[in-house]
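Encoded as structure tokens, the structure appears first; notes follow it.
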Amino acid sequence: MKLIQLLVGAFFVLSPQLLAADVDKLATNFDWHFRQTLKKNNIPGAAYAIVKDNKVVKVGAYGVRSVGSKSNIDAYTVFRLASVSKTFTGQLSSVLVHQGRFQWDDPVTRYVPAFSFKSPRHTGALRVEHLLSQSAGLVPNTYDDLIEANQTPAQILPKFRYLNPRCAPGKCYGYQNVLFSLIRPVMEKTTGSSFESLMEQKLFKPLKMPTASVGYSAFLASKNRAMPHVRVKRGWAETKVNPSYYRVSPAAGVNASVMDMSQWLIAQLGHYPAVLTPAMLQDVRSKRVKVADDLGGRTWGQYVTTSHYGLGLRIFNFGGHEVYYHGGWVKGYRTEMAYSKEKGVGLVVLINAETNLVGDLSTYFWSNLLAVKPQNKKRIAAQMQDEWDMEMGSDFEWQAPLLAE
């Protein structure tokens, strides 16, 4: 209750006009709020970065890399990004498409001929774009349980032949990790280079991200790394780095510091045009499929009225403003990044603990910057359900899920 009061009260610390106009003052206010929130909840460690246009406005670090140690988090401490990795994979795919390596509408079976659904019609309809836009048609998180059971993609992929999508590919949203990572063989077969090498050469190096990497071994090789923590009765305890989701690296395998991520946000805002052209940026931002499951949460759900998925990126209508977003969660870590093209502002928050405070911090920032108050979630849910019902046509083979309250 105290945290909720703090969040609600802090919303009105500065006037909406000042907050929308003065990112520097908001950054100072956010830094105080960031530290107070983490301290009150005994979070082990975290870091954030705020950018405006092509400048880093503020970077903050809090706590330690590991509970019980004296190794402090700093601006170059490397965290697991978890599903924020998808923003990199979607953008790298766009780079390769614009280089003529493959096309968005290429059949997936051209590059992964052994892949199939139960239905040959749906197998043939699955395109590269559907992998990255989460619109392959399957129920959300298909076979994530097998990733967590330490099975490899080679063990998991044959199991898709027993499944039928709930809708034709491209027609409905269903968040995936295994299928998303099928982009790896597409990239590797069309370039002759490994996914890790492509990420390094096409994005990390030219965007000046010195501590960014891909994979389990690369994370462990980072001397300045934040260790994962899980909640226990006495607070937070360090746990082992779980390698399972590194096996689907395009979906969840990137590691980075907030200094790396500040450059990533600056690039997403269009200030590295020699690396990421406006057309490449527009590829990932284009709304490919409508989403319903972002609207029921207690943090973003209070502000987001409609949501879509692009290519490895979510597009939120945040109180009438377009905010591009992705979050991540793997054992011991929570991460979020978001940016507004309209305002030329971006924020990333990385935490080495499994806490929902990551969403509280992010929405505190965006609600203040954009001067947006919490909305009536029940009204929004009903409105979105009506929209889904209206959009469903004869091609759909499933019922749209009801929104969470």
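Chain labels A, B, ... are given in the sequence in which chains occur in the structure tokens; within each chain residues are numbered consecutively from 1, and ligands are likewise numbered from 1 in the order shown.
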Practice task
Pick out the residues sitting within 8 Å of range 244-249 of chain A, and hand them over as a list in words; count only C-alpha atoms, and ignore anything fewer than 6 positions along from it in its own chain.
Solution key: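 Everything that qualifies: Ala82, Ser85, Ile147, Glu148, Ala149, Asn150, Gln151, Thr152, Pro153, Asn177, Val178, Ser181, Val214, Gly215, Tyr216 and Val330 of chain A.
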Same residues, all heavy atoms, saved as an mmCIF file, in the first residue's frame:
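Written output follows (out-v4.cif):
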```cif
data_model
loop_
_atom_site.group_PDB
_atom_site.id
_atom_site.type_symbol
_atom_site.label_atom_id
_atom_site.label_comp_id
_atom_site.auth_asym_id
_atom_site.auth_seq_id
_atom_site.Cartn_x
_atom_site.Cartn_y
_atom_site.Cartn_z
ATOM 1 N N ALA A 82 17.066 -10.984 -21.455
ATOM 2 C CA ALA A 82 15.893 -11.843 -21.629
ATOM 3 C C ALA A 82 15.192 -11.464 -22.936
ATOM 4 O O ALA A 82 15.853 -11.287 -23.960
ATOM 5 C CB ALA A 82 14.976 -11.753 -20.423
ATOM 6 N N SER A 85 15.940 -9.044 -25.901
ATOM 7 C CA SER A 85 16.774 -9.525 -27.015
ATOM 8 C C SER A 85 16.013 -9.516 -28.335
ATOM 9 O O SER A 85 16.615 -9.363 -29.404
ATOM 10 C CB SER A 85 17.239 -10.963 -26.737
ATOM 11 O OG SER A 85 17.919 -11.061 -25.512
ATOM 12 N N ILE A 147 11.786 -25.784 -23.269
ATOM 13 C CA ILE A 147 13.007 -24.976 -23.123
ATOM 14 C C ILE A 147 13.463 -25.031 -21.665
ATOM 15 O O ILE A 147 14.641 -25.270 -21.366
ATOM 16 C CB ILE A 147 12.760 -23.505 -23.514
ATOM 17 C CG1 ILE A 147 12.329 -23.372 -24.965
ATOM 18 C CG2 ILE A 147 14.025 -22.671 -23.274
ATOM 19 C CD1 ILE A 147 11.937 -21.954 -25.353
ATOM 20 N N GLU A 148 12.512 -24.830 -20.755
ATOM 21 C CA GLU A 148 12.828 -24.813 -19.331
ATOM 22 C C GLU A 148 13.215 -26.187 -18.809
ATOM 23 O O GLU A 148 13.848 -26.303 -17.755
ATOM 24 C CB GLU A 148 11.649 -24.236 -18.558
ATOM 25 C CG GLU A 148 11.431 -22.765 -18.881
ATOM 26 C CD GLU A 148 10.103 -22.218 -18.404
ATOM 27 O OE1 GLU A 148 9.394 -22.950 -17.675
ATOM 28 O OE2 GLU A 148 9.785 -21.063 -18.750
ATOM 29 N N ALA A 149 12.873 -27.228 -19.569
ATOM 30 C CA ALA A 149 13.293 -28.591 -19.225
ATOM 31 C C ALA A 149 14.639 -28.927 -19.865
ATOM 32 O O ALA A 149 15.050 -30.088 -19.889
ATOM 33 C CB ALA A 149 12.235 -29.600 -19.674
ATOM 34 N N ASN A 150 15.295 -27.896 -20.403
ATOM 35 C CA ASN A 150 16.643 -28.003 -20.973
ATOM 36 C C ASN A 150 16.712 -28.814 -22.260
ATOM 37 O O ASN A 150 17.766 -29.350 -22.608
ATOM 38 C CB ASN A 150 17.636 -28.574 -19.939
ATOM 39 C CG ASN A 150 17.891 -27.591 -18.814
ATOM 40 O OD1 ASN A 150 18.055 -26.396 -19.047
ATOM 41 N ND2 ASN A 150 17.906 -28.092 -17.594
ATOM 42 N N GLN A 151 15.597 -28.873 -22.984
ATOM 43 C CA GLN A 151 15.670 -29.480 -24.306
ATOM 44 C C GLN A 151 16.203 -28.459 -25.313
ATOM 45 O O GLN A 151 16.005 -27.251 -25.168
ATOM 46 C CB GLN A 151 14.293 -29.978 -24.743
ATOM 47 C CG GLN A 151 13.808 -31.175 -23.947
ATOM 48 C CD GLN A 151 12.634 -31.877 -24.626
ATOM 49 O OE1 GLN A 151 12.444 -31.796 -25.835
ATOM 50 N NE2 GLN A 151 11.846 -32.592 -23.838
ATOM 51 N N THR A 152 16.864 -28.944 -26.335
ATOM 52 C CA THR A 152 17.439 -28.082 -27.356
ATOM 53 C C THR A 152 16.399 -27.817 -28.446
ATOM 54 O O THR A 152 15.426 -28.574 -28.591
ATOM 55 C CB THR A 152 18.662 -28.746 -27.996
ATOM 56 O OG1 THR A 152 18.221 -29.928 -28.700
ATOM 57 C CG2 THR A 152 19.696 -29.136 -26.950
ATOM 58 N N PRO A 153 16.596 -26.772 -29.245
ATOM 59 C CA PRO A 153 15.688 -26.565 -30.377
ATOM 60 C C PRO A 153 15.587 -27.775 -31.296
ATOM 61 O O PRO A 153 14.513 -28.078 -31.821
ATOM 62 C CB PRO A 153 16.308 -25.353 -31.085
ATOM 63 C CG PRO A 153 16.977 -24.594 -29.994
ATOM 64 C CD PRO A 153 17.540 -25.650 -29.074
ATOM 65 N N ASN A 177 8.708 -18.177 -28.184
ATOM 66 C CA ASN A 177 10.169 -18.130 -28.072
ATOM 67 C C ASN A 177 10.836 -19.126 -29.012
ATOM 68 O O ASN A 177 11.775 -18.789 -29.720
ATOM 69 C CB ASN A 177 10.591 -18.397 -26.630
ATOM 70 C CG ASN A 177 10.320 -17.214 -25.725
ATOM 71 O OD1 ASN A 177 10.849 -16.131 -25.925
ATOM 72 N ND2 ASN A 177 9.469 -17.416 -24.726
ATOM 73 N N VAL A 178 10.320 -20.349 -29.046
ATOM 74 C CA VAL A 178 10.919 -21.372 -29.912
ATOM 75 C C VAL A 178 10.771 -20.980 -31.377
ATOM 76 O O VAL A 178 11.756 -20.948 -32.131
ATOM 77 C CB VAL A 178 10.285 -22.757 -29.656
ATOM 78 C CG1 VAL A 178 10.908 -23.795 -30.601
ATOM 79 C CG2 VAL A 178 10.484 -23.186 -28.210
ATOM 80 N N SER A 181 12.799 -18.076 -32.619
ATOM 81 C CA SER A 181 14.222 -18.379 -32.819
ATOM 82 C C SER A 181 14.519 -19.151 -34.091
ATOM 83 O O SER A 181 15.680 -19.386 -34.424
ATOM 84 C CB SER A 181 14.761 -19.140 -31.603
ATOM 85 O OG SER A 181 14.752 -18.289 -30.475
ATOM 86 N N VAL A 214 26.206 -12.084 -27.011
ATOM 87 C CA VAL A 214 25.138 -13.073 -27.147
ATOM 88 C C VAL A 214 25.604 -14.382 -26.536
ATOM 89 O O VAL A 214 26.710 -14.853 -26.822
ATOM 90 C CB VAL A 214 24.760 -13.311 -28.629
ATOM 91 C CG1 VAL A 214 23.677 -14.388 -28.734
ATOM 92 C CG2 VAL A 214 24.291 -12.026 -29.283
ATOM 93 N N GLY A 215 24.769 -14.981 -25.696
ATOM 94 C CA GLY A 215 25.018 -16.339 -25.253
ATOM 95 C C GLY A 215 25.480 -16.498 -23.813
ATOM 96 O O GLY A 215 25.919 -15.554 -23.143
ATOM 97 N N TYR A 216 25.366 -17.729 -23.362
ATOM 98 C CA TYR A 216 25.694 -18.128 -21.983
ATOM 99 C C TYR A 216 27.178 -17.957 -21.683
ATOM 100 O O TYR A 216 27.559 -17.342 -20.677
ATOM 101 C CB TYR A 216 25.253 -19.574 -21.802
ATOM 102 C CG TYR A 216 25.541 -20.203 -20.467
ATOM 103 C CD1 TYR A 216 24.950 -19.710 -19.310
ATOM 104 C CD2 TYR A 216 26.354 -21.333 -20.360
ATOM 105 C CE1 TYR A 216 25.188 -20.310 -18.071
ATOM 106 C CE2 TYR A 216 26.594 -21.943 -19.139
ATOM 107 C CZ TYR A 216 26.013 -21.426 -17.993
ATOM 108 O OH TYR A 216 26.244 -22.020 -16.780
ATOM 109 N N VAL A 330 13.677 -13.607 -17.299
ATOM 110 C CA VAL A 330 14.204 -14.961 -17.129
ATOM 111 C C VAL A 330 14.577 -15.110 -15.664
ATOM 112 O O VAL A 330 14.578 -14.125 -14.916
ATOM 113 C CB VAL A 330 15.433 -15.264 -18.027
ATOM 114 C CG1 VAL A 330 15.047 -15.330 -19.485
ATOM 115 C CG2 VAL A 330 16.556 -14.253 -17.793
#
```
Exercise for the section: Point out the residue among A:Asn242, A:Asn317, A:Ser307, A:Gln268 with the least atom-to-atom distance to Arg288 in chain A, counting only C-alpha atoms. Expected result: A:Ser307
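One distance worth recording is that between CA of His271 in chain A and CA of Ser193 in chain A, which is 26.8 Å.
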Handout entry: Residues near range 182-192 of chain A, cut-off 8 Å, only C-alpha atoms, skip fewer than 3 positions along chain, as a PyMOL selection string
Key = chain A and resi 93+96+101-102+108+111-112+128+131-132+178-179+195+250
Go ahead and write the residues just picked, N, CA and C atoms, as an mmCIF file, in the first residue's frame.
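Output file part-v3.cif is given in full below:
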```cif
data_model
loop_
_atom_site.group_PDB
_atom_site.id
_atom_site.type_symbol
_atom_site.label_atom_id
_atom_site.label_comp_id
_atom_site.auth_asym_id
_atom_site.auth_seq_id
_atom_site.Cartn_x
_atom_site.Cartn_y
_atom_site.Cartn_z
ATOM 1 N N SER A 93 17.279 -8.630 -38.425
ATOM 2 C CA SER A 93 16.578 -9.232 -39.562
ATOM 3 C C SER A 93 16.274 -8.179 -40.620
ATOM 4 N N LEU A 96 19.301 -7.373 -42.673
ATOM 5 C CA LEU A 96 19.612 -8.415 -43.660
ATOM 6 C C LEU A 96 18.605 -8.418 -44.808
ATOM 7 N N ARG A 101 19.361 -10.422 -48.330
ATOM 8 C CA ARG A 101 19.687 -11.797 -47.920
ATOM 9 C C ARG A 101 18.455 -12.706 -47.933
ATOM 10 N N PHE A 102 17.322 -12.183 -47.507
ATOM 11 C CA PHE A 102 16.053 -12.919 -47.562
ATOM 12 C C PHE A 102 14.940 -11.891 -47.569
ATOM 13 N N VAL A 108 9.061 -20.206 -44.482
ATOM 14 C CA VAL A 108 10.028 -20.683 -43.493
ATOM 15 C C VAL A 108 10.644 -22.003 -43.936
ATOM 16 N N TYR A 111 14.093 -22.423 -45.646
ATOM 17 C CA TYR A 111 15.321 -22.427 -44.851
ATOM 18 C C TYR A 111 15.335 -23.524 -43.791
ATOM 19 N N VAL A 112 14.163 -23.984 -43.392
ATOM 20 C CA VAL A 112 14.055 -25.070 -42.412
ATOM 21 C C VAL A 112 13.116 -26.116 -43.004
ATOM 22 N N VAL A 128 8.560 -15.882 -42.962
ATOM 23 C CA VAL A 128 9.584 -15.343 -42.069
ATOM 24 C C VAL A 128 9.002 -14.239 -41.191
ATOM 25 N N LEU A 131 7.304 -15.297 -37.902
ATOM 26 C CA LEU A 131 8.150 -15.677 -36.776
ATOM 27 C C LEU A 131 8.420 -14.481 -35.877
ATOM 28 N N LEU A 132 8.774 -13.356 -36.491
ATOM 29 C CA LEU A 132 9.219 -12.177 -35.749
ATOM 30 C C LEU A 132 8.069 -11.317 -35.265
ATOM 31 N N VAL A 178 10.320 -20.349 -29.046
ATOM 32 C CA VAL A 178 10.919 -21.372 -29.912
ATOM 33 C C VAL A 178 10.771 -20.980 -31.377
ATOM 34 N N LEU A 179 9.543 -20.674 -31.795
ATOM 35 C CA LEU A 179 9.327 -20.311 -33.197
ATOM 36 C C LEU A 179 10.031 -19.012 -33.563
ATOM 37 N N PHE A 195 24.759 -16.473 -36.015
ATOM 38 C CA PHE A 195 23.889 -15.450 -35.442
ATOM 39 C C PHE A 195 24.688 -14.517 -34.545
ATOM 40 N N PRO A 250 18.046 -15.986 -30.257
ATOM 41 C CA PRO A 250 17.361 -14.870 -30.913
ATOM 42 C C PRO A 250 16.195 -14.327 -30.089
#
```
Exercise for the section: Mind the document's chain letters and residue numbers, and return as a VMD selection string the residues of range 82-286 of chain A that DSSP labels alpha helix (DSSP H). Expected result: chain A and resid 85 to 98 120 to 125 128 to 132 144 to 148 153 to 156 183 to 191 195 to 199 216 to 221 249 to 252 258 to 268 278 to 285
